[in-house]
$ cat target_28.cif   # mmCIF, C-alpha atoms
data_input
loop_
_atom_site.label_atom_id
_atom_site.label_comp_id
_atom_site.auth_asym_id
_atom_site.auth_seq_id
_atom_site.Cartn_x
_atom_site.Cartn_y
_atom_site.Cartn_z
CA MET A 12 0.00 0.00 0.00
CA LYS A 13 2.81 2.39 0.93
CA SER A 14 4.62 1.79 -2.38
CA LYS A 15 1.40 2.51 -4.32
CA LEU A 16 1.01 5.79 -2.44
CA ILE A 17 4.60 6.76 -3.25
CA THR A 18 4.11 5.85 -6.92
CA LEU A 19 0.90 7.91 -7.10
CA SER A 20 2.63 10.84 -5.39
CA LEU A 21 5.51 10.74 -7.90
CA LEU A 22 3.06 10.56 -10.80
CA ALA A 23 1.11 13.53 -9.46
CA ALA A 24 4.34 15.50 -9.01
CA ALA A 25 5.35 14.66 -12.59
CA LEU A 26 2.04 15.90 -13.97
CA ILE A 27 2.15 19.09 -11.93
CA THR A 28 5.82 19.83 -12.64
CA ALA A 29 6.06 18.84 -16.32
CA PRO A 30 4.86 22.24 -17.67
CA ALA A 31 7.44 24.07 -15.55
CA LEU A 32 10.20 21.75 -16.72
CA GLN A 33 9.16 22.22 -20.36
CA ALA A 34 9.22 26.01 -20.00
CA GLN A 35 12.83 26.26 -18.81
CA ALA A 36 14.47 26.92 -22.16
CA PRO A 37 13.74 26.77 -25.86
CA ALA A 38 14.47 23.32 -27.32
CA GLY A 39 17.58 24.50 -29.16
CA LEU A 40 19.15 25.91 -25.98
CA ARG A 41 18.80 22.88 -23.71
CA PRO A 42 22.11 21.23 -22.89
CA VAL A 43 22.70 17.86 -24.55
CA TRP A 44 25.03 15.25 -23.10
CA ASP A 45 26.67 12.43 -25.06
CA VAL A 46 26.92 9.80 -22.33
CA PRO A 47 29.31 7.07 -23.57
CA PHE A 48 28.30 4.48 -20.98
CA ASP A 49 25.16 2.94 -19.48
CA PHE A 50 24.11 4.63 -16.25
CA VAL A 51 21.61 4.12 -13.47
CA VAL A 52 18.97 6.63 -12.43
CA GLY A 53 16.96 5.46 -9.45
CA ASP A 54 16.28 1.81 -10.19
CA GLN A 55 16.52 1.94 -14.00
CA THR A 56 19.60 1.54 -16.18
CA LEU A 57 19.63 3.94 -19.12
CA PRO A 58 21.72 3.03 -22.19
CA ALA A 59 24.65 5.08 -23.46
CA GLY A 60 23.43 7.83 -25.76
CA GLN A 61 22.40 11.46 -26.05
CA TYR A 62 20.33 12.94 -23.23
CA THR A 63 18.72 16.16 -22.13
CA VAL A 64 18.17 16.87 -18.48
CA ARG A 65 15.65 19.36 -17.21
CA GLN A 66 15.81 20.34 -13.61
CA ASP A 67 13.51 22.39 -11.48
CA ALA A 68 15.80 22.77 -8.49
CA PRO A 69 13.40 24.90 -6.39
CA ARG A 70 10.74 22.18 -6.71
CA GLY A 71 13.27 19.38 -6.44
CA THR A 72 12.47 17.56 -9.67
CA VAL A 73 14.58 16.26 -12.54
CA LEU A 74 13.57 14.85 -15.93
CA ILE A 75 16.22 12.83 -17.79
CA ARG A 76 15.27 11.91 -21.35
CA SER A 77 17.03 10.48 -24.38
CA LEU A 78 16.96 12.69 -27.48
CA ASP A 79 14.97 10.04 -29.32
CA TRP A 80 12.41 9.99 -26.46
CA LYS A 81 12.76 6.19 -26.10
CA VAL A 82 13.88 6.24 -22.48
CA GLY A 83 13.54 8.66 -19.62
CA GLN A 84 13.22 9.04 -15.90
CA PHE A 85 11.47 11.54 -13.68
CA ARG A 86 13.01 11.84 -10.22
CA ILE A 87 12.70 13.81 -7.05
CA ALA A 88 16.07 15.40 -6.23
CA ASN A 89 17.64 17.52 -3.54
CA LYS A 90 18.45 21.14 -4.28
CA VAL A 91 22.15 21.90 -3.81
CA HIS A 92 23.91 25.25 -3.91
CA ALA A 93 26.78 25.53 -6.37
CA GLY A 94 28.91 27.86 -4.28
CA ARG A 95 30.20 29.24 -7.58
CA VAL A 96 27.81 29.59 -10.52
CA PRO A 97 28.99 27.10 -13.17
CA ASP A 98 29.78 28.44 -16.63
CA ARG A 99 29.21 24.99 -18.24
CA SER A 100 26.37 22.53 -17.73
CA GLN A 101 27.58 19.31 -16.20
CA LEU A 102 26.43 15.83 -15.17
CA VAL A 103 28.31 14.15 -12.33
CA PHE A 104 28.22 10.37 -11.91
CA ARG A 105 29.34 8.14 -9.06
CA ARG A 106 31.20 5.12 -10.45
CA TYR A 107 31.62 1.83 -8.61
CA GLY A 108 33.64 -0.52 -10.79
CA SER A 109 31.69 -0.59 -14.08
CA LYS A 110 28.39 0.77 -12.65
CA ASN A 111 27.66 4.48 -13.13
CA PHE A 112 24.98 6.31 -11.13
CA LEU A 113 23.79 9.81 -11.99
CA ALA A 114 24.56 11.88 -8.89
CA ARG A 115 24.36 15.63 -9.63
CA ILE A 116 23.22 18.00 -12.34
CA TRP A 117 24.62 21.49 -12.79
CA VAL A 118 23.19 23.85 -15.40
CA ALA A 119 25.31 26.75 -16.65
CA GLY A 120 24.33 30.07 -15.10
CA SER A 121 22.26 28.59 -12.26
CA GLU A 122 23.42 28.87 -8.67
CA TYR A 123 21.44 25.75 -7.76
CA GLY A 124 21.84 22.22 -8.98
CA SER A 125 20.15 18.92 -8.27
CA GLU A 126 21.48 15.94 -6.38
CA LEU A 127 19.84 12.56 -6.80
CA PRO A 128 19.63 10.53 -3.59
CA LYS A 129 21.25 7.11 -3.55
CA SER A 130 18.88 4.26 -4.31
CA ALA A 131 18.94 1.06 -2.25
CA PHE A 132 20.77 -0.61 -5.16
CA GLU A 133 23.47 2.06 -5.23
CA SER A 134 23.85 1.97 -1.45
CA GLU A 135 24.40 -1.78 -1.61
CA ILE A 136 27.01 -1.49 -4.38
CA SER A 137 28.79 1.41 -2.67
CA ARG A 138 29.61 -0.81 0.32
CA ARG A 139 31.56 -3.20 -1.95
CA GLY A 140 34.30 -0.86 -3.12
CA PRO A 141 35.67 2.63 -3.74
CA THR A 142 33.76 5.42 -5.45
CA GLU A 143 35.06 7.46 -8.36
CA ALA A 144 33.45 10.73 -9.49
CA VAL A 145 32.99 11.16 -13.25
CA ALA A 146 31.94 14.55 -14.64
CA MET A 147 30.62 15.21 -18.17
CA VAL A 148 30.22 18.63 -19.73
CA ALA A 149 27.30 19.32 -22.08
CA ARG A 150 27.99 19.97 -25.73
#
$ encode --input "target_28.cif" --output "structure tokens"
Amino acid sequence: MKSKLITLSLLAAALITAPALQAQAPAGLRPVWDVPFDFVVGDQTLPAGQYTVRQDAPRGTVLIRSLDWKVGQFRIANKVHAGRVPDRSQLVFRRYGSKNFLARIWVAGSEYGSELPKSAFESEISRRGPTEAVAMVAR
């Protein structure tokens, strides 16, 4: 019952937040990342490819979507302050061996970014070995 309530809450948040996420920037100005490896967002592995990421840091939501619209994830994220406003958009991954987990999103010109909380799967893997941070700059 609790998991159904959480699922319904996430769906409602997605429906409410989607228009705000769409309105962030014209399609041609959204950062695009060429991610050369598979990566995990929440509990889903997304294949290597080209992605756009739309964040609404004040509301704590993130939408990750492939350019071909075949895969995507909507997630609740934590708002984090950049300290220094980034001049380039960036995705930061946590890498454990060959597994990559999307960790943070920074958008050029914004003083706030988004940090995705660790899933149970990532927490389990993180106990097995060292973590490496991998950063990718948008094209």
$ resolve_selection --input "target_28.cif" --expression "the PyMOL selection byres ((chain A and resi 43) around 8)" --output "PyMOL selection string"
chain A and resi 41-42+44-45+61-64+149-150
$ atom_distance --input "target_28.cif" --atom1 "atom CA of Ser100 of chain A" --atom2 "atom CA of Ala119 of chain A"
4.5 Å
$ atom_distance --input "target_28.cif" --atom1 "atom CA of Leu74 of chain A" --atom2 "atom CA of Glu143 of chain A"
24.0 Å
$ closest_residue --input "target_28.cif" --among "A:Pro47, A:Gly124, A:Gly71, A:Gly83" --to "Arg95 of chain A" --atoms "all atoms listed in the file"
A:Gly124
$ atom_distance --input "target_28.cif" --atom1 "atom CA of Arg65 of chain A" --atom2 "atom CA of Ala131 of chain A"
23.9 Å
